[in-house]
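What follows is a set of notes on a single structure, which appears directly below.
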Amino acid sequence: MKKFITVCLFIIWQLCAYCQPICNVTKYDEDTGMAQWRVTQMVQDKNGMIWFATWNGIDRFDGYDFVNFKPRAGDGSDMLSDRIRDLRMDSDGYIYCKTEKDWFLFDTKTGRFKKANDRITAKFNTSSEGRSTTGAIDLDVFYTDRYGTQWIIRQDGTLLYVAGGAMQQYPLETPLPAVRFYMPDNQGNLWLTSQQGVIKLSFSRLPITPFPQVKPTAIGSLFLDKAQRYWITTKGDDATVRLFDKDNHLLGYLTPQGKLTSTYTSFTAPIYCIMQASDGTYWLGSKPGGLFRLFEDKQTGGFHVQQIEGLVGQDVYSIKEDAQGRIWVATMGSGIFCVCDKDAKIPSKIIGFIGKKGYPKMAENMVRYLHITADNILMAATTEGLLVAQIPSEKDITKMSFILHMKDPMRASSLSSNATMDILEDGKHRFFIGTESGGVCRILTEDIMAEQLEFAHYNKQNGLNSDIALALKEMGSQLLIVGSNQIMTLDVDHDQFGFFDMNFFGRSCRFSEVRPLELPDGRWLFGLQDGAFTVGAGMMHKSNYVPPIVLTGIDKQGKGIEYTVSHLKTIRLLPHERSLTISFSALDYADPSSIAYAFKMESDEEWNYIGRNHSASFADLKPGTYQLQIRSTNSDGVWVDNVMTVEIIVEPTFLESALGRILITLLVLSIIAGIIYTYLYIRRIKQQQNETLKAYLALINSVEEKETNETFTDDKDQQQNEETAIEPHAPHLSADDEAFMARVMSFVESNISNEDANVIDMATAAATSKSGLNRKMKSLVGLTPADFLREARIKRACMLLATTDISVADIAYKCGFTDPKYFGKCFKSSIGKSPSDYRLQ
């Protein structure tokens, strides 16, 4: 029975067409954002946006959102009805719509309606000019897609297509509604209007063919041997090993005894890797069966199976042969082994490296993949980083020194993830490392035996569609990257990315961790978690459609979205507008949800990849002119040359303008000048007050000396002293101020020893009030009257201490102090020394 099932599967596989027609049906109505489900007409403008005439105004569609336009109260439009009966676009790209009888020009720059002139009205009323749709009431619709497939939409809602000269019915979940008008867009999608809204038909081809397999189990390995036969193994309980010739004929299932049988049969253990050695023998790694060696029996067409003993670990994930013919084995949990005597009848010299001096200590010792370069350098992808070691040419390999390269949080150019999955050396001898969660790393360091390697990263931040890279394979000039649910492409030379997902494969896929295999007939074979499929030769390519990018909305400073912006090339922000959100759309209607975007300012070196988000926000923009560049993929995920540039001009406030900055500079300089002037003025006043104070205090002492000389000298000496006496210098004062100070000085001279003298008496003597005296004294000498009297007494005390032998206590009494201790405190506060120290000095 199993043999019969297998044969049937292969017959069906051979009958399947490689490129089955696909039609994706999308319905649009009020539930998806339309203003009204009753759509009467549609056109596509020169930018590529599609407009729909509804009974609730006209809708603009950019692939993501519907924006409704209709006359509003107070906007000056004399269009009284929102029911749009017809929609046209003239040769200049202007859109016209018709209500019950009248035609109106719709201004896409303002969003307003204006009554059309008589010439336009007459032209549209008598012809179908400007209409891009075709009527289909009570008629079948015939359409040929871009692949050459002819489709027929019947009025009963069935969808047919012609393949191989025969007409076949396309399976639909629900029949299509009766078509009123249909319109192909610039991309080849077909739009239909009906009594139930709008239907979009997007056409493609299913490029894959499911590979026949009895059980939906995961693929363990894919391998092409030297005879151009290919091997397919499965995991789990299935554990099959199938062998096909180059013409895709099943040679058989490999039995545990090495025979090939057409009957579904499991092998001893699930095989995870296959390698054909230089002597023609096959080495198979299994989990958990360990290592097997197969010798081909030319006579029987089968194999002799030998299980190799001596491995500590039984989970073998990768096998490679070095230049000396030694077999290297990677295990999950027991590190790396080397079979040094592969030519022996029973290999026994098997060396493990855990615990060896040159082998790093690792927590898990899980090695997924091995690669050996032409220079005999061993590279190992482990769950803890990338291992690199030079394989010695001599027989003793136990002294090998391994270098473990890991993710370094302090070095951006280090490995992006320690969980490495695969290692690929391309035709230009560049090395790529696939990681479990860090995308793909390319080794930039020329010497891969260097103690520290530099890596370039390819991940979601710079264009890769996913950070999961389970396996790598070279396909022409591109790198195939197996993700968990997609196949990605990387063109390193041109820095281009692409991806193939469920939209391309026509089904949801979960890929296994095996490298894709190019079959002898040019098809590609991919392993899944539930089987495998092939892609026809030449079908691993994407659409080259270049969707134009248009602006769809602008929000300045959070004031609300402006929708009539598709014509703008320059956006101007007023001085008070510093935040901006721009919405845009790449007009690819096949599958807008798959389009990715990136933007940058012209001065930026790198693009900002924003995934499926089709808007960009900017806050706190400084005054100036910016050049914003926006690019996208098409719906197939191919980055195309469709860069749109938008100029953003941020107007400065008055203070940010050149004149404003000059005025601010002048103001600041004026303030600084004012501060300096004030400081110098106060300093000059203080200096004048100080000079005045010193002069009048000196005058007091000169008077005292004069009196003393008059007491102790005769008349002749007195006359000589008067002739040689020098009057103290005083700053120039006004006559009133001199008269005032003369009265004050007269009082001070008369009461310098009078302990009862006070400010009130001084004010009376100076012919002013107490407050007037206080204000005047501060203005002229910088001291209050009381402080001036005290300073005068201290200066008198200084003169007496320096010129007489009078005791300190007597001097205190003589200078108007009633307490010698208080005199000493005041003296030290003013002079900085005690009276006794001053006399000694």
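Quick note on naming: the chains in the structure tokens go A, B, ... in the order shown, residues restart at 1 in each chain, and ligands are numbered from 1 in order of appearance.
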Selection: 12 Å around Asn365 of chain A, only C-alpha atoms, excl. self and same-chain fewer than 6 positions, as a PDB file with all heavy atoms, in the first residue's frame:
```pdb
ATOM      1  N   GLY A 313      29.582  11.953  21.820  1.00  0.00           N
ATOM      2  CA  GLY A 313      28.242  12.467  21.534  1.00  0.00           C
ATOM      3  C   GLY A 313      27.632  11.756  20.340  1.00  0.00           C
ATOM      4  O   GLY A 313      28.310  11.424  19.365  1.00  0.00           O
ATOM      5  N   ASP A 315      24.846  13.036  18.734  1.00  0.00           N
ATOM      6  CA  ASP A 315      24.059  13.988  17.944  1.00  0.00           C
ATOM      7  C   ASP A 315      24.988  14.717  16.985  1.00  0.00           C
ATOM      8  O   ASP A 315      25.609  15.731  17.321  1.00  0.00           O
ATOM      9  CB  ASP A 315      23.353  14.998  18.866  1.00  0.00           C
ATOM     10  CG  ASP A 315      22.358  14.332  19.786  1.00  0.00           C
ATOM     11  OD1 ASP A 315      21.979  13.189  19.507  1.00  0.00           O
ATOM     12  OD2 ASP A 315      21.974  14.956  20.794  1.00  0.00           O
ATOM     13  N   ALA A 330      31.056  17.519  13.883  1.00  0.00           N
ATOM     14  CA  ALA A 330      30.483  18.463  14.848  1.00  0.00           C
ATOM     15  C   ALA A 330      29.305  17.813  15.544  1.00  0.00           C
ATOM     16  O   ALA A 330      28.430  17.235  14.894  1.00  0.00           O
ATOM     17  CB  ALA A 330      30.019  19.735  14.130  1.00  0.00           C
ATOM     18  N   THR A 331      29.293  17.884  16.856  1.00  0.00           N
ATOM     19  CA  THR A 331      28.198  17.298  17.631  1.00  0.00           C
ATOM     20  C   THR A 331      27.516  18.371  18.473  1.00  0.00           C
ATOM     21  O   THR A 331      28.116  19.403  18.813  1.00  0.00           O
ATOM     22  CB  THR A 331      28.710  16.184  18.562  1.00  0.00           C
ATOM     23  OG1 THR A 331      29.529  16.764  19.593  1.00  0.00           O
ATOM     24  CG2 THR A 331      29.517  15.161  17.800  1.00  0.00           C
ATOM     25  N   MET A 332      26.283  18.107  18.802  1.00  0.00           N
ATOM     26  CA  MET A 332      25.535  19.020  19.672  1.00  0.00           C
ATOM     27  C   MET A 332      25.640  18.522  21.109  1.00  0.00           C
ATOM     28  O   MET A 332      24.897  17.645  21.543  1.00  0.00           O
ATOM     29  CB  MET A 332      24.077  19.082  19.229  1.00  0.00           C
ATOM     30  CG  MET A 332      23.868  19.832  17.940  1.00  0.00           C
ATOM     31  SD  MET A 332      24.183  21.602  18.093  1.00  0.00           S
ATOM     32  CE  MET A 332      22.703  22.131  18.908  1.00  0.00           C
ATOM     33  N   GLY A 333      26.618  19.074  21.827  1.00  0.00           N
ATOM     34  CA  GLY A 333      26.776  18.723  23.236  1.00  0.00           C
ATOM     35  C   GLY A 333      28.115  18.133  23.576  1.00  0.00           C
ATOM     36  O   GLY A 333      28.515  18.128  24.761  1.00  0.00           O
ATOM     37  N   SER A 334      28.850  17.634  22.573  1.00  0.00           N
ATOM     38  CA  SER A 334      30.150  17.019  22.853  1.00  0.00           C
ATOM     39  C   SER A 334      31.282  17.653  22.050  1.00  0.00           C
ATOM     40  O   SER A 334      32.373  17.082  21.944  1.00  0.00           O
ATOM     41  CB  SER A 334      30.096  15.513  22.559  1.00  0.00           C
ATOM     42  OG  SER A 334      29.122  14.891  23.365  1.00  0.00           O
ATOM     43  N   GLY A 335      31.007  18.796  21.456  1.00  0.00           N
ATOM     44  CA  GLY A 335      32.053  19.536  20.772  1.00  0.00           C
ATOM     45  C   GLY A 335      32.437  18.938  19.437  1.00  0.00           C
ATOM     46  O   GLY A 335      31.614  18.361  18.718  1.00  0.00           O
ATOM     47  N   ILE A 336      33.760  19.029  19.113  1.00  0.00           N
ATOM     48  CA  ILE A 336      34.297  18.628  17.815  1.00  0.00           C
ATOM     49  C   ILE A 336      35.147  17.368  17.966  1.00  0.00           C
ATOM     50  O   ILE A 336      35.918  17.240  18.938  1.00  0.00           O
ATOM     51  CB  ILE A 336      35.134  19.760  17.204  1.00  0.00           C
ATOM     52  CG1 ILE A 336      34.257  20.997  16.981  1.00  0.00           C
ATOM     53  CG2 ILE A 336      35.787  19.336  15.896  1.00  0.00           C
ATOM     54  CD1 ILE A 336      35.029  22.222  16.534  1.00  0.00           C
ATOM     55  N   PHE A 337      35.021  16.452  16.988  1.00  0.00           N
ATOM     56  CA  PHE A 337      35.838  15.242  16.943  1.00  0.00           C
ATOM     57  C   PHE A 337      36.547  15.179  15.596  1.00  0.00           C
ATOM     58  O   PHE A 337      36.105  15.783  14.612  1.00  0.00           O
ATOM     59  CB  PHE A 337      34.973  13.990  17.116  1.00  0.00           C
ATOM     60  CG  PHE A 337      34.404  13.827  18.488  1.00  0.00           C
ATOM     61  CD1 PHE A 337      33.196  14.431  18.816  1.00  0.00           C
ATOM     62  CD2 PHE A 337      35.065  13.089  19.454  1.00  0.00           C
ATOM     63  CE1 PHE A 337      32.650  14.292  20.072  1.00  0.00           C
ATOM     64  CE2 PHE A 337      34.528  12.944  20.716  1.00  0.00           C
ATOM     65  CZ  PHE A 337      33.329  13.548  21.043  1.00  0.00           C
ATOM     66  N   GLY A 352      38.668  13.690  20.440  1.00  0.00           N
ATOM     67  CA  GLY A 352      37.762  14.747  20.883  1.00  0.00           C
ATOM     68  C   GLY A 352      38.576  15.901  21.451  1.00  0.00           C
ATOM     69  O   GLY A 352      39.678  15.707  21.981  1.00  0.00           O
ATOM     70  N   PHE A 353      38.068  17.116  21.380  1.00  0.00           N
ATOM     71  CA  PHE A 353      38.873  18.281  21.760  1.00  0.00           C
ATOM     72  C   PHE A 353      38.451  18.922  23.077  1.00  0.00           C
ATOM     73  O   PHE A 353      39.147  19.816  23.570  1.00  0.00           O
ATOM     74  CB  PHE A 353      38.827  19.327  20.640  1.00  0.00           C
ATOM     75  CG  PHE A 353      39.632  18.938  19.437  1.00  0.00           C
ATOM     76  CD1 PHE A 353      39.087  18.149  18.437  1.00  0.00           C
ATOM     77  CD2 PHE A 353      40.965  19.308  19.333  1.00  0.00           C
ATOM     78  CE1 PHE A 353      39.836  17.768  17.342  1.00  0.00           C
ATOM     79  CE2 PHE A 353      41.722  18.933  18.243  1.00  0.00           C
ATOM     80  CZ  PHE A 353      41.163  18.154  17.236  1.00  0.00           C
ATOM     81  N   ILE A 354      37.355  18.481  23.643  1.00  0.00           N
ATOM     82  CA  ILE A 354      36.975  19.050  24.945  1.00  0.00           C
ATOM     83  C   ILE A 354      38.022  18.656  25.982  1.00  0.00           C
ATOM     84  O   ILE A 354      38.380  17.490  26.102  1.00  0.00           O
ATOM     85  CB  ILE A 354      35.574  18.551  25.372  1.00  0.00           C
ATOM     86  CG1 ILE A 354      34.508  19.088  24.426  1.00  0.00           C
ATOM     87  CG2 ILE A 354      35.263  18.982  26.800  1.00  0.00           C
ATOM     88  CD1 ILE A 354      33.114  18.631  24.762  1.00  0.00           C
ATOM     89  N   GLY A 355      38.504  19.639  26.705  1.00  0.00           N
ATOM     90  CA  GLY A 355      39.532  19.410  27.704  1.00  0.00           C
ATOM     91  C   GLY A 355      40.940  19.597  27.202  1.00  0.00           C
ATOM     92  O   GLY A 355      41.879  19.681  28.003  1.00  0.00           O
ATOM     93  N   TYR A 359      41.645  24.200  23.320  1.00  0.00           N
ATOM     94  CA  TYR A 359      40.206  24.267  23.048  1.00  0.00           C
ATOM     95  C   TYR A 359      39.536  25.089  24.146  1.00  0.00           C
ATOM     96  O   TYR A 359      39.747  24.827  25.338  1.00  0.00           O
ATOM     97  CB  TYR A 359      39.629  22.857  22.994  1.00  0.00           C
ATOM     98  CG  TYR A 359      38.242  22.770  22.398  1.00  0.00           C
ATOM     99  CD1 TYR A 359      38.068  22.779  21.024  1.00  0.00           C
ATOM    100  CD2 TYR A 359      37.114  22.678  23.205  1.00  0.00           C
ATOM    101  CE1 TYR A 359      36.797  22.685  20.458  1.00  0.00           C
ATOM    102  CE2 TYR A 359      35.839  22.591  22.657  1.00  0.00           C
ATOM    103  CZ  TYR A 359      35.690  22.590  21.281  1.00  0.00           C
ATOM    104  OH  TYR A 359      34.441  22.504  20.728  1.00  0.00           O
ATOM    105  N   ALA A 380      33.967  26.765  12.910  1.00  0.00           N
ATOM    106  CA  ALA A 380      32.853  26.035  13.510  1.00  0.00           C
ATOM    107  C   ALA A 380      31.815  27.011  14.024  1.00  0.00           C
ATOM    108  O   ALA A 380      32.137  27.943  14.765  1.00  0.00           O
ATOM    109  CB  ALA A 380      33.353  25.135  14.640  1.00  0.00           C
ATOM    110  N   ALA A 381      30.566  26.799  13.625  1.00  0.00           N
ATOM    111  CA  ALA A 381      29.454  27.599  14.130  1.00  0.00           C
ATOM    112  C   ALA A 381      28.908  26.908  15.370  1.00  0.00           C
ATOM    113  O   ALA A 381      28.441  25.768  15.301  1.00  0.00           O
ATOM    114  CB  ALA A 381      28.361  27.732  13.071  1.00  0.00           C
ATOM    115  N   THR A 382      28.968  27.589  16.499  1.00  0.00           N
ATOM    116  CA  THR A 382      28.506  27.022  17.762  1.00  0.00           C
ATOM    117  C   THR A 382      27.426  27.909  18.360  1.00  0.00           C
ATOM    118  O   THR A 382      27.172  29.015  17.878  1.00  0.00           O
ATOM    119  CB  THR A 382      29.668  26.881  18.768  1.00  0.00           C
ATOM    120  OG1 THR A 382      29.926  28.152  19.385  1.00  0.00           O
ATOM    121  CG2 THR A 382      30.933  26.395  18.087  1.00  0.00           C
ATOM    122  N   THR A 383      26.809  27.424  19.420  1.00  0.00           N
ATOM    123  CA  THR A 383      25.797  28.218  20.110  1.00  0.00           C
ATOM    124  C   THR A 383      26.425  29.280  20.997  1.00  0.00           C
ATOM    125  O   THR A 383      25.708  30.084  21.598  1.00  0.00           O
ATOM    126  CB  THR A 383      24.891  27.317  20.964  1.00  0.00           C
ATOM    127  OG1 THR A 383      25.695  26.609  21.913  1.00  0.00           O
ATOM    128  CG2 THR A 383      24.135  26.340  20.089  1.00  0.00           C
ATOM    129  N   GLU A 384      27.769  29.284  21.087  1.00  0.00           N
ATOM    130  CA  GLU A 384      28.456  30.246  21.956  1.00  0.00           C
ATOM    131  C   GLU A 384      29.448  31.117  21.193  1.00  0.00           C
ATOM    132  O   GLU A 384      30.287  31.773  21.797  1.00  0.00           O
ATOM    133  CB  GLU A 384      29.170  29.498  23.089  1.00  0.00           C
ATOM    134  CG  GLU A 384      28.217  28.738  23.985  1.00  0.00           C
ATOM    135  CD  GLU A 384      28.923  27.854  24.995  1.00  0.00           C
ATOM    136  OE1 GLU A 384      29.601  28.397  25.877  1.00  0.00           O
ATOM    137  OE2 GLU A 384      28.787  26.622  24.890  1.00  0.00           O
ATOM    138  N   GLY A 385      29.358  31.130  19.873  1.00  0.00           N
ATOM    139  CA  GLY A 385      30.240  31.968  19.081  1.00  0.00           C
ATOM    140  C   GLY A 385      30.831  31.215  17.906  1.00  0.00           C
ATOM    141  O   GLY A 385      30.442  30.080  17.584  1.00  0.00           O
ATOM    142  N   LEU A 386      31.795  31.847  17.270  1.00  0.00           N
ATOM    143  CA  LEU A 386      32.467  31.288  16.089  1.00  0.00           C
ATOM    144  C   LEU A 386      33.848  30.791  16.490  1.00  0.00           C
ATOM    145  O   LEU A 386      34.690  31.565  16.969  1.00  0.00           O
ATOM    146  CB  LEU A 386      32.586  32.358  15.003  1.00  0.00           C
ATOM    147  CG  LEU A 386      33.342  31.968  13.738  1.00  0.00           C
ATOM    148  CD1 LEU A 386      32.592  30.890  12.973  1.00  0.00           C
ATOM    149  CD2 LEU A 386      33.590  33.189  12.860  1.00  0.00           C
ATOM    150  N   LEU A 387      34.107  29.488  16.275  1.00  0.00           N
ATOM    151  CA  LEU A 387      35.408  28.894  16.562  1.00  0.00           C
ATOM    152  C   LEU A 387      36.257  28.863  15.295  1.00  0.00           C
ATOM    153  O   LEU A 387      35.755  28.490  14.223  1.00  0.00           O
ATOM    154  CB  LEU A 387      35.247  27.463  17.080  1.00  0.00           C
ATOM    155  CG  LEU A 387      35.080  27.229  18.585  1.00  0.00           C
ATOM    156  CD1 LEU A 387      34.881  25.751  18.852  1.00  0.00           C
ATOM    157  CD2 LEU A 387      36.284  27.738  19.358  1.00  0.00           C
ATOM    158  N   LEU A 404      37.918  31.632  19.953  1.00  0.00           N
ATOM    159  CA  LEU A 404      36.463  31.764  20.030  1.00  0.00           C
ATOM    160  C   LEU A 404      36.086  33.238  19.885  1.00  0.00           C
ATOM    161  O   LEU A 404      36.465  34.073  20.700  1.00  0.00           O
ATOM    162  CB  LEU A 404      35.936  31.217  21.356  1.00  0.00           C
ATOM    163  CG  LEU A 404      34.417  31.312  21.579  1.00  0.00           C
ATOM    164  CD1 LEU A 404      33.680  30.517  20.515  1.00  0.00           C
ATOM    165  CD2 LEU A 404      34.042  30.836  22.977  1.00  0.00           C
ATOM    166  N   ALA A 419      24.807  32.764  18.987  1.00  0.00           N
ATOM    167  CA  ALA A 419      24.151  31.568  18.448  1.00  0.00           C
ATOM    168  C   ALA A 419      24.325  31.539  16.932  1.00  0.00           C
ATOM    169  O   ALA A 419      23.488  32.011  16.175  1.00  0.00           O
ATOM    170  CB  ALA A 419      22.677  31.563  18.826  1.00  0.00           C
TER     171      ALA A 419
END
```
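Once segment 80-89 of chain A and its same-chain neighbours fewer than 6 positions away are set aside, Thr40, Gln41, Met42, Val43, Asp45, Phe52, Ala53, Thr54, Trp55, Asn56, Gly57, Ile58, Lys70, Pro71, Ile95, Tyr96, Cys97, Lys98, Thr99, Glu100, Glu129, Gly130, Arg131 and Ser132 of chain A remain within 8 Å of it when counting only C-alpha atoms.
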Now that the selection is made, can you save its residues with C-alpha atoms as a PDB file, in the first residue's frame?
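again02.pdb written:
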```
ATOM      1  CA  THR A  40     -20.319  54.207  -9.742  1.00  0.00           C
ATOM      2  CA  GLN A  41     -16.981  54.843 -11.458  1.00  0.00           C
ATOM      3  CA  MET A  42     -13.191  54.862 -10.967  1.00  0.00           C
ATOM      4  CA  VAL A  43     -10.058  56.310 -12.585  1.00  0.00           C
ATOM      5  CA  ASP A  45      -4.532  59.505 -11.990  1.00  0.00           C
ATOM      6  CA  PHE A  52     -13.683  56.175  -6.810  1.00  0.00           C
ATOM      7  CA  ALA A  53     -17.005  57.910  -7.406  1.00  0.00           C
ATOM      8  CA  THR A  54     -19.457  57.025  -4.634  1.00  0.00           C
ATOM      9  CA  TRP A  55     -22.814  58.239  -3.399  1.00  0.00           C
ATOM     10  CA  ASN A  56     -20.908  59.971  -0.600  1.00  0.00           C
ATOM     11  CA  GLY A  57     -18.359  62.032  -2.505  1.00  0.00           C
ATOM     12  CA  ILE A  58     -15.208  60.725  -4.132  1.00  0.00           C
ATOM     13  CA  LYS A  70     -16.958  66.207  -0.917  1.00  0.00           C
ATOM     14  CA  PRO A  71     -18.243  69.785  -0.716  1.00  0.00           C
ATOM     15  CA  ILE A  95     -10.446  65.032 -12.490  1.00  0.00           C
ATOM     16  CA  TYR A  96     -14.087  65.767 -13.243  1.00  0.00           C
ATOM     17  CA  CYS A  97     -17.116  64.324 -11.554  1.00  0.00           C
ATOM     18  CA  LYS A  98     -20.804  64.422 -12.368  1.00  0.00           C
ATOM     19  CA  THR A  99     -23.729  64.690  -9.979  1.00  0.00           C
ATOM     20  CA  GLU A 100     -27.266  64.426 -11.319  1.00  0.00           C
ATOM     21  CA  GLU A 129     -13.586  60.330 -23.223  1.00  0.00           C
ATOM     22  CA  GLY A 130     -11.551  60.399 -20.016  1.00  0.00           C
ATOM     23  CA  ARG A 131     -13.043  57.186 -18.651  1.00  0.00           C
ATOM     24  CA  SER A 132     -10.523  54.423 -17.991  1.00  0.00           C
TER      25      SER A 132
END
```
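Separating atom CA of Val492 of chain A from atom CA of Leu628 of chain A is a distance of 25.8 Å.
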Exercise. Got a sec to tell me which of segment 497-623 of chain A DSSP assigns to alpha helix (DSSP H), as a ChimeraX atom specification?
Worked result: /A:502-505
For this session: Select, from A:Phe69, A:Asn544, A:Val759, A:Leu580, the residue with the minimum atom-to-atom distance to Lys109 of chain A, counting only C-alpha atoms.
Result: A:Phe69
